[in-house]
Amino acid sequence: MTHVSTHASEEQLHEPSLLRIAGFPYFLIAFIARLPFAMMVVGVLTVVVAARGSLSLGGLTSAAVGLGTACFGPLLGAAADRFGQRAVLVVLALANGAMLLLFTLVVYGTAPDGFVLLAAVGIGATAPQVAPLSRSRLVTIIGERMPESRRARTVSGTMAYESAADETVFVFGPFLVGILASAIAPWAPLVGAAVLTVLFVGAFALHPSGRHVSADRDAAGRAPSAVSDLFRPQLLIVVLGILGVGIFFGTMLTSLTSFMADRGAAEQAGLLYGVMGVGSAALALGVAWLPAAFSLRARWLVFSGILLAGTLLLGFVDSPGTMMVALGIMGIGIGPTLVTQYSFGAARSPRGRSATVMTMLGSGVVVGQSLGAAVAGEIAESVGTSAALVLPMVAAAIAFAAGVANWFLSREHPRRPSVKG
């Protein structure tokens, strides 16, 4: 018995890990390449307020970026599925870099506000969604190059890492925007984002893994699954749940900024927000070590329930200290919820349409964040901070309600990634 188990352990040691298959440079490039995406919404808001002197226009412009992503993100994912990621990403890296520079020129020029909004839509429409495309790329590699016995746990670990990377970037991105805007000028974050996009999204596109196209596609690039499979209730409920998470991100940061501004310390909002972000990233990584008996559908309910409980405390916060406690509890819930939703997305992707599904989910986060920030900013300004702090509760309730619906739509064990069903 000992000999057999030792032999099995040796085989596992010799089985290639995902890190070895993809290579460490891949993960470094993919991490930096998603930074511009995290800088866009806040960078646009910052430069519009500085150049045009209107917070209201800044909020609308941020929402316009989200609108562009909502309309074109899934289509770009479908193009990546059809033609491969490399060609699509090279075009997007150049187009998005150009749009960021064009937007900067328009906002500082004499063009009417309508042109500013149009240019913002262009930024969102050409945004290279590196995070969802990285998820799709890695899930495809796992499904085709790793032993079946290790796929489920590897996918779970990969989604945990990717979500932690997203959390880190979405905390660090606004921080970087603040540094560049303060040290150089309000336009510097968008110029910096343009440079990072061309260099690192280009490197992500040209990485050898970018040639990897799903084996589910035939020679003509057609998928074996129908487009209608993307609109099955089991997949749409995941999109709704992740939209709730995106709305939470947007409303929480904006209402937190208003909360701290009332106390004369608006610039400290990012630091407090980081408390939630750090805890969320750490817990997101920990999801990979949760026991298999703790099913995905149960995880969604439990962790979104913790998120909802944390937001309910917002009705009672009266100081930065109590706000920090509430944010800490929310951090426990938000990261694992996001990991679980992406795991469901991977498991329910119709065959040959992984990039499409992942960009649908990525767009859900960005659209929710943009709309949430715009609505929360308007309410905070016109009604007050207390009213704005209700919005994260609503967002968390959406994520939790979607989890309840998913419980009834799910089997006990969702199917493995890239399997149609």
# chains A, B, ... in the order shown; residues from 1 in each chain; ligands from 1

call {"tool": "closest_atom_pairs", "arguments": {"of": "region 301-419 of chain A", "to": "region 248-269 of chain A", "cutoff": "6 Å", "atoms": "only C-alpha atoms", "output": "tab-separated table"}}
result
residue	atom	partner	partner_atom	distance
A:Gln369	CA	A:Gly250	CA	4.0
A:Gly372	CA	A:Gly250	CA	4.5
A:Ala373	CA	A:Gly250	CA	4.3
A:Ala376	CA	A:Thr251	CA	5.4
A:Thr385	CA	A:Ser258	CA	5.9
A:Ala388	CA	A:Ser255	CA	5.4
A:Leu389	CA	A:Ser255	CA	5.6
A:Pro392	CA	A:Phe248	CA	5.0
A:Ala395	CA	A:Phe248	CA	5.0

call {"tool": "write_last_selection", "arguments": {"atoms": "N, CA, C and O atoms", "output": "PDB file, in the first residue's frame"}}
result
ATOM      1  N   GLN A 369     -19.790  48.785 -11.752  1.00  0.00           N
ATOM      2  CA  GLN A 369     -18.936  49.758 -11.068  1.00  0.00           C
ATOM      3  C   GLN A 369     -19.184  51.173 -11.598  1.00  0.00           C
ATOM      4  O   GLN A 369     -19.329  52.123 -10.823  1.00  0.00           O
ATOM      5  N   GLY A 372     -22.836  52.269 -10.741  1.00  0.00           N
ATOM      6  CA  GLY A 372     -22.929  52.448  -9.296  1.00  0.00           C
ATOM      7  C   GLY A 372     -22.268  53.736  -8.847  1.00  0.00           C
ATOM      8  O   GLY A 372     -22.817  54.487  -8.025  1.00  0.00           O
ATOM      9  N   ALA A 373     -21.084  54.008  -9.386  1.00  0.00           N
ATOM     10  CA  ALA A 373     -20.358  55.231  -9.023  1.00  0.00           C
ATOM     11  C   ALA A 373     -21.127  56.475  -9.458  1.00  0.00           C
ATOM     12  O   ALA A 373     -21.215  57.464  -8.711  1.00  0.00           O
ATOM     13  N   ALA A 376     -24.389  56.774  -7.225  1.00  0.00           N
ATOM     14  CA  ALA A 376     -24.035  57.110  -5.842  1.00  0.00           C
ATOM     15  C   ALA A 376     -23.518  58.545  -5.737  1.00  0.00           C
ATOM     16  O   ALA A 376     -23.829  59.254  -4.773  1.00  0.00           O
ATOM     17  N   THR A 385     -24.999  61.807   2.246  1.00  0.00           N
ATOM     18  CA  THR A 385     -24.206  60.589   2.419  1.00  0.00           C
ATOM     19  C   THR A 385     -25.034  59.413   2.924  1.00  0.00           C
ATOM     20  O   THR A 385     -24.864  58.280   2.473  1.00  0.00           O
ATOM     21  N   ALA A 388     -26.705  57.739   0.142  1.00  0.00           N
ATOM     22  CA  ALA A 388     -25.747  57.044  -0.728  1.00  0.00           C
ATOM     23  C   ALA A 388     -25.289  55.729  -0.104  1.00  0.00           C
ATOM     24  O   ALA A 388     -25.048  54.743  -0.814  1.00  0.00           O
ATOM     25  N   LEU A 389     -25.181  55.680   1.234  1.00  0.00           N
ATOM     26  CA  LEU A 389     -24.717  54.459   1.904  1.00  0.00           C
ATOM     27  C   LEU A 389     -25.743  53.327   1.854  1.00  0.00           C
ATOM     28  O   LEU A 389     -25.417  52.188   2.185  1.00  0.00           O
ATOM     29  N   PRO A 392     -24.863  50.482  -1.429  1.00  0.00           N
ATOM     30  CA  PRO A 392     -24.125  49.222  -1.312  1.00  0.00           C
ATOM     31  C   PRO A 392     -24.970  48.090  -0.729  1.00  0.00           C
ATOM     32  O   PRO A 392     -24.776  46.924  -1.077  1.00  0.00           O
ATOM     33  N   ALA A 395     -26.920  46.727  -3.605  1.00  0.00           N
ATOM     34  CA  ALA A 395     -26.037  45.950  -4.483  1.00  0.00           C
ATOM     35  C   ALA A 395     -25.752  44.570  -3.890  1.00  0.00           C
ATOM     36  O   ALA A 395     -25.817  43.544  -4.585  1.00  0.00           O
TER      37      ALA A 395
END

call {"tool": "closest_residue", "arguments": {"among": "A:Arg137, A:Arg20, A:His207, A:Arg86", "to": "Ala355 (chain A)", "atoms": "only C-alpha atoms"}}
result
A:Arg137

call {"tool": "closest_atom_pairs", "arguments": {"of": "region 2-76 of chain A", "to": "region 229-247 of chain A", "cutoff": "12 Å", "atoms": "only C-alpha atoms", "output": "Markdown table"}}
result
| residue | atom | partner | partner_atom | distance |
| --- | --- | --- | --- | --- |
| A:Ala63 | CA | A:Ile247 | CA | 11.6 |
| A:Gly66 | CA | A:Gly246 | CA | 10.8 |
| A:Ala70 | CA | A:Leu243 | CA | 10.9 |
| A:Pro74 | CA | A:Leu230 | CA | 10.6 |

call {"tool": "closest_atom_pairs", "arguments": {"of": "region 77-116 of chain A", "to": "region 57-62 of chain A", "cutoff": "12 Å", "atoms": "only C-alpha atoms", "output": "tab-separated table"}}
result
residue	atom	partner	partner_atom	distance
A:Phe103	CA	A:Thr61	CA	10.7
A:Val107	CA	A:Thr61	CA	10.5
A:Pro112	CA	A:Leu57	CA	11.5
A:Asp113	CA	A:Leu57	CA	7.9
A:Gly114	CA	A:Thr61	CA	9.7
A:Phe115	CA	A:Thr61	CA	10.4
A:Val116	CA	A:Thr61	CA	7.3

call {"tool": "write_last_selection", "arguments": {"atoms": "N, CA and C atoms", "output": "compact mmCIF listing (two decimals), in the first residue's frame"}}
result
# COMPACT_ATOMS: atom_id res chain seq x y z
N PHE A 103 -9.07 61.08 -25.94
CA PHE A 103 -9.95 61.58 -24.89
C PHE A 103 -9.29 62.72 -24.12
N VAL A 107 -10.95 66.43 -23.87
CA VAL A 107 -11.43 66.98 -22.60
C VAL A 107 -10.75 68.31 -22.28
N PRO A 112 -17.66 70.39 -27.33
CA PRO A 112 -18.81 70.30 -26.40
C PRO A 112 -18.72 69.03 -25.54
N ASP A 113 -19.48 69.03 -24.45
CA ASP A 113 -19.47 67.90 -23.53
C ASP A 113 -19.89 66.58 -24.21
N GLY A 114 -20.73 66.70 -25.22
CA GLY A 114 -21.18 65.51 -25.94
C GLY A 114 -20.02 64.74 -26.55
N PHE A 115 -19.02 65.46 -27.04
CA PHE A 115 -17.85 64.80 -27.63
C PHE A 115 -16.99 64.12 -26.56
N VAL A 116 -16.97 64.71 -25.36
CA VAL A 116 -16.26 64.09 -24.24
C VAL A 116 -16.90 62.74 -23.91

call {"tool": "select_by_dssp", "arguments": {"residues": "region 41-281 of chain A", "states": "helix (DSSP H, G or I)", "output": "PyMOL selection string"}}
result
chain A and resi 41-52+55-83+85-108+113-125+130-145+148-183+188-206+208-211+227-231+233-261+266-281

call {"tool": "closest_residue", "arguments": {"among": "A:Met159, A:Val325, A:Cys71, A:Ala188", "to": "Leu105 (chain A)", "atoms": "only C-alpha atoms"}}
result
A:Ala188

call {"tool": "residues_around", "arguments": {"residues": "Ser156 (chain A)", "least_positions_apart": "6", "cutoff": "8 Å", "atoms": "only C-alpha atoms", "output": "list in words"}}
result
Val287, Ala288, Val339 and Ser343 of chain A

call {"tool": "atom_distance", "arguments": {"atom1": "CA of Ser56 (chain A)", "atom2": "CA of Val44 (chain A)"}}
result
12.6 Å

call {"tool": "closest_residue", "arguments": {"among": "A:Gly84, A:Gly73, A:Pro132, A:Gly315", "to": "Met358 (chain A)", "atoms": "only C-alpha atoms"}}
result
A:Pro132

call {"tool": "atom_distance", "arguments": {"atom1": "CA of Gly157 (chain A)", "atom2": "CA of Gln129 (chain A)"}}
result
20.5 Å

call {"tool": "atom_distance", "arguments": {"atom1": "CA of Leu371 (chain A)", "atom2": "CA of Leu89 (chain A)"}}
result
25.8 Å

call {"tool": "residues_around", "arguments": {"residues": "Gly124 (chain A)", "least_positions_apart": "5", "cutoff": "7 Å", "atoms": "only C-alpha atoms", "output": "PyMOL selection string"}}
result
chain A and resi 65-69

call {"tool": "write_last_selection", "arguments": {"atoms": "C-alpha atoms", "output": "compact mmCIF listing (two decimals), in the first residue's frame"}}
result
# COMPACT_ATOMS: atom_id res chain seq x y z
CA VAL A 65 -16.89 54.20 -20.23
CA GLY A 66 -19.00 51.45 -18.66
CA LEU A 67 -21.58 51.76 -21.45
CA GLY A 68 -18.90 51.24 -24.09
CA THR A 69 -17.64 48.16 -22.25

call {"tool": "closest_atom_pairs", "arguments": {"of": "region 320-419 of chain A", "to": "region 167-175 of chain A", "cutoff": "10 Å", "atoms": "only C-alpha atoms", "output": "Markdown table"}}
result
| residue | atom | partner | partner_atom | distance |
| --- | --- | --- | --- | --- |
| A:Ile334 | CA | A:Glu167 | CA | 9.7 |
| A:Gly335 | CA | A:Glu167 | CA | 7.6 |
| A:Leu338 | CA | A:Glu167 | CA | 9.7 |

call {"tool": "residues_around", "arguments": {"residues": "Val91 (chain A)", "least_positions_apart": "4", "cutoff": "12 Å", "atoms": "only C-alpha atoms", "output": "JSON list (two decimals) with N, CA and C atoms, in the first residue's frame"}}
result
[["chain", "number", "residue", "atom", "x", "y", "z"],
["A", 76, "LEU", "N", -16.20, 41.55, -28.23],
["A", 76, "LEU", "CA", -14.76, 41.37, -28.36],
["A", 76, "LEU", "C", -14.34, 39.99, -27.86],
["A", 79, "ALA", "N", -15.15, 37.64, -30.55],
["A", 79, "ALA", "CA", -14.14, 37.73, -31.61],
["A", 79, "ALA", "C", -12.88, 36.97, -31.21],
["A", 80, "ALA", "N", -12.51, 37.04, -29.91],
["A", 80, "ALA", "CA", -11.33, 36.31, -29.43],
["A", 80, "ALA", "C", -11.55, 34.80, -29.53],
["A", 85, "GLN", "N", -7.10, 35.04, -29.49],
["A", 85, "GLN", "CA", -6.89, 36.25, -28.71],
["A", 85, "GLN", "C", -5.82, 37.17, -29.29],
["A", 86, "ARG", "N", -4.80, 36.59, -29.92],
["A", 86, "ARG", "CA", -3.65, 37.39, -30.34],
["A", 86, "ARG", "C", -4.04, 38.53, -31.28],
["A", 87, "ALA", "N", -4.74, 38.21, -32.36],
["A", 87, "ALA", "CA", -5.10, 39.23, -33.35],
["A", 87, "ALA", "C", -6.00, 40.29, -32.74],
["A", 95, "ALA", "N", -5.72, 50.46, -30.46],
["A", 95, "ALA", "CA", -6.92, 51.30, -30.52],
["A", 95, "ALA", "C", -7.21, 51.95, -29.18],
["A", 96, "ASN", "N", -7.08, 51.20, -28.09],
["A", 96, "ASN", "CA", -7.38, 51.76, -26.78],
["A", 96, "ASN", "C", -6.35, 52.79, -26.35],
["A", 97, "GLY", "N", -5.07, 52.54, -26.66],
["A", 97, "GLY", "CA", -4.05, 53.53, -26.38],
["A", 97, "GLY", "C", -4.35, 54.83, -27.10],
["A", 98, "ALA", "N", -4.77, 54.73, -28.36],
["A", 98, "ALA", "CA", -5.11, 55.92, -29.14],
["A", 98, "ALA", "C", -6.33, 56.64, -28.57],
["A", 126, "THR", "N", -13.13, 49.96, -26.67],
["A", 126, "THR", "CA", -11.87, 49.36, -27.12],
["A", 126, "THR", "C", -11.05, 48.78, -25.96],
["A", 127, "ALA", "N", -11.62, 48.81, -24.74],
["A", 127, "ALA", "CA", -10.86, 48.35, -23.56],
["A", 127, "ALA", "C", -10.48, 46.88, -23.68],
["A", 128, "PRO", "N", -9.18, 46.56, -23.64],
["A", 128, "PRO", "CA", -8.76, 45.15, -23.71],
["A", 128, "PRO", "C", -8.98, 44.50, -22.34],
["A", 197, "THR", "N", -0.96, 50.21, -21.76],
["A", 197, "THR", "CA", -1.83, 49.41, -22.64],
["A", 197, "THR", "C", -1.06, 48.92, -23.86],
["A", 198, "VAL", "N", -0.38, 49.85, -24.52],
["A", 198, "VAL", "CA", 0.35, 49.47, -25.74],
["A", 198, "VAL", "C", 1.46, 48.46, -25.43],
["A", 201, "VAL", "N", -0.36, 45.17, -22.75],
["A", 201, "VAL", "CA", -1.42, 44.41, -23.43],
["A", 201, "VAL", "C", -0.86, 43.83, -24.72],
["A", 202, "GLY", "N", 0.03, 44.59, -25.37],
["A", 202, "GLY", "CA", 0.71, 44.06, -26.55],
["A", 202, "GLY", "C", 1.54, 42.84, -26.22],
["A", 205, "ALA", "N", -0.70, 39.93, -25.61],
["A", 205, "ALA", "CA", -1.20, 39.39, -26.88],
["A", 205, "ALA", "C", -0.15, 38.52, -27.56],
["A", 206, "LEU", "N", 1.11, 38.95, -27.51],
["A", 206, "LEU", "CA", 2.17, 38.26, -28.24],
["A", 206, "LEU", "C", 2.81, 37.12, -27.46]]

call {"tool": "closest_residue", "arguments": {"among": "A:Ser209, A:Gly331, A:Arg135, A:Ala298", "to": "Gly345 (chain A)", "atoms": "only C-alpha atoms"}}
result
A:Arg135

call {"tool": "decode", "arguments": {"residues": "region 137-171 of chain A", "atoms": "N, CA and C atoms", "output": "tab-separated table (two decimals), in the first residue's frame"}}
result
chain	number	residue	atom	x	y	z
A	137	ARG	N	-8.06	31.94	-21.22
A	137	ARG	CA	-6.84	31.32	-21.74
A	137	ARG	C	-6.38	30.20	-20.80
A	138	LEU	N	-6.38	30.48	-19.51
A	138	LEU	CA	-5.91	29.50	-18.54
A	138	LEU	C	-6.86	28.31	-18.40
A	139	VAL	N	-8.18	28.60	-18.42
A	139	VAL	CA	-9.16	27.50	-18.33
A	139	VAL	C	-9.04	26.58	-19.53
A	140	THR	N	-8.81	27.15	-20.71
A	140	THR	CA	-8.63	26.34	-21.92
A	140	THR	C	-7.39	25.47	-21.79
A	141	ILE	N	-6.30	26.04	-21.29
A	141	ILE	CA	-5.06	25.27	-21.11
A	141	ILE	C	-5.26	24.15	-20.09
A	142	ILE	N	-5.94	24.46	-18.99
A	142	ILE	CA	-6.20	23.44	-17.96
A	142	ILE	C	-7.02	22.30	-18.53
A	143	GLY	N	-8.07	22.64	-19.31
A	143	GLY	CA	-8.95	21.62	-19.86
A	143	GLY	C	-8.28	20.72	-20.87
A	144	GLU	N	-7.22	21.23	-21.52
A	144	GLU	CA	-6.62	20.46	-22.60
A	144	GLU	C	-5.25	19.87	-22.26
A	145	ARG	N	-4.59	20.39	-21.23
A	145	ARG	CA	-3.21	19.95	-20.98
A	145	ARG	C	-2.96	19.41	-19.57
A	146	MET	N	-4.02	19.38	-18.74
A	146	MET	CA	-3.82	18.86	-17.39
A	146	MET	C	-4.66	17.60	-17.19
A	147	PRO	N	-4.21	16.69	-16.33
A	147	PRO	CA	-4.97	15.46	-16.06
A	147	PRO	C	-6.35	15.79	-15.51
A	148	GLU	N	-7.34	15.02	-15.92
A	148	GLU	CA	-8.72	15.31	-15.52
A	148	GLU	C	-8.89	15.32	-14.00
A	149	SER	N	-8.14	14.48	-13.32
A	149	SER	CA	-8.27	14.39	-11.86
A	149	SER	C	-7.88	15.69	-11.15
A	150	ARG	N	-7.08	16.53	-11.82
A	150	ARG	CA	-6.60	17.75	-11.19
A	150	ARG	C	-7.28	19.01	-11.71
A	151	ARG	N	-8.17	18.86	-12.70
A	151	ARG	CA	-8.72	20.04	-13.35
A	151	ARG	C	-9.59	20.89	-12.43
A	152	ALA	N	-10.51	20.24	-11.69
A	152	ALA	CA	-11.45	21.01	-10.87
A	152	ALA	C	-10.72	21.87	-9.83
A	153	ARG	N	-9.78	21.26	-9.11
A	153	ARG	CA	-9.06	22.02	-8.08
A	153	ARG	C	-8.17	23.08	-8.72
A	154	THR	N	-7.58	22.78	-9.89
A	154	THR	CA	-6.73	23.77	-10.55
A	154	THR	C	-7.54	24.95	-11.04
A	155	VAL	N	-8.74	24.69	-11.58
A	155	VAL	CA	-9.61	25.79	-12.01
A	155	VAL	C	-9.99	26.65	-10.81
A	156	SER	N	-10.33	26.01	-9.69
A	156	SER	CA	-10.70	26.75	-8.48
A	156	SER	C	-9.54	27.63	-8.02
A	157	GLY	N	-8.33	27.05	-8.00
A	157	GLY	CA	-7.15	27.83	-7.60
A	157	GLY	C	-6.86	28.96	-8.56
A	158	THR	N	-7.05	28.70	-9.86
A	158	THR	CA	-6.81	29.73	-10.88
A	158	THR	C	-7.78	30.89	-10.74
A	159	MET	N	-9.07	30.57	-10.53
A	159	MET	CA	-10.08	31.63	-10.34
A	159	MET	C	-9.78	32.43	-9.06
A	160	ALA	N	-9.29	31.73	-8.04
A	160	ALA	CA	-8.94	32.41	-6.79
A	160	ALA	C	-7.79	33.39	-7.04
A	161	TYR	N	-6.75	32.93	-7.74
A	161	TYR	CA	-5.61	33.81	-8.03
A	161	TYR	C	-6.05	34.99	-8.89
A	162	GLU	N	-6.81	34.72	-9.95
A	162	GLU	CA	-7.23	35.78	-10.87
A	162	GLU	C	-8.07	36.84	-10.14
A	163	SER	N	-8.97	36.38	-9.27
A	163	SER	CA	-9.82	37.33	-8.54
A	163	SER	C	-8.98	38.14	-7.55
A	164	ALA	N	-8.01	37.49	-6.90
A	164	ALA	CA	-7.12	38.22	-5.99
A	164	ALA	C	-6.30	39.25	-6.76
A	165	ALA	N	-5.86	38.87	-7.96
A	165	ALA	CA	-5.12	39.82	-8.81
A	165	ALA	C	-6.01	41.01	-9.19
A	166	ASP	N	-7.27	40.73	-9.53
A	166	ASP	CA	-8.21	41.81	-9.85
A	166	ASP	C	-8.40	42.74	-8.66
A	167	GLU	N	-8.61	42.14	-7.48
A	167	GLU	CA	-8.80	42.94	-6.27
A	167	GLU	C	-7.59	43.85	-6.04
A	168	THR	N	-6.40	43.27	-6.16
A	168	THR	CA	-5.17	44.03	-5.93
A	168	THR	C	-5.07	45.18	-6.92
A	169	VAL	N	-5.35	44.89	-8.18
A	169	VAL	CA	-5.25	45.90	-9.23
A	169	VAL	C	-6.30	47.00	-9.05
A	170	PHE	N	-7.52	46.62	-8.64
A	170	PHE	CA	-8.57	47.62	-8.51
A	170	PHE	C	-8.40	48.47	-7.25
A	171	VAL	N	-7.55	48.03	-6.33
A	171	VAL	CA	-7.17	48.88	-5.20
A	171	VAL	C	-5.97	49.74	-5.60
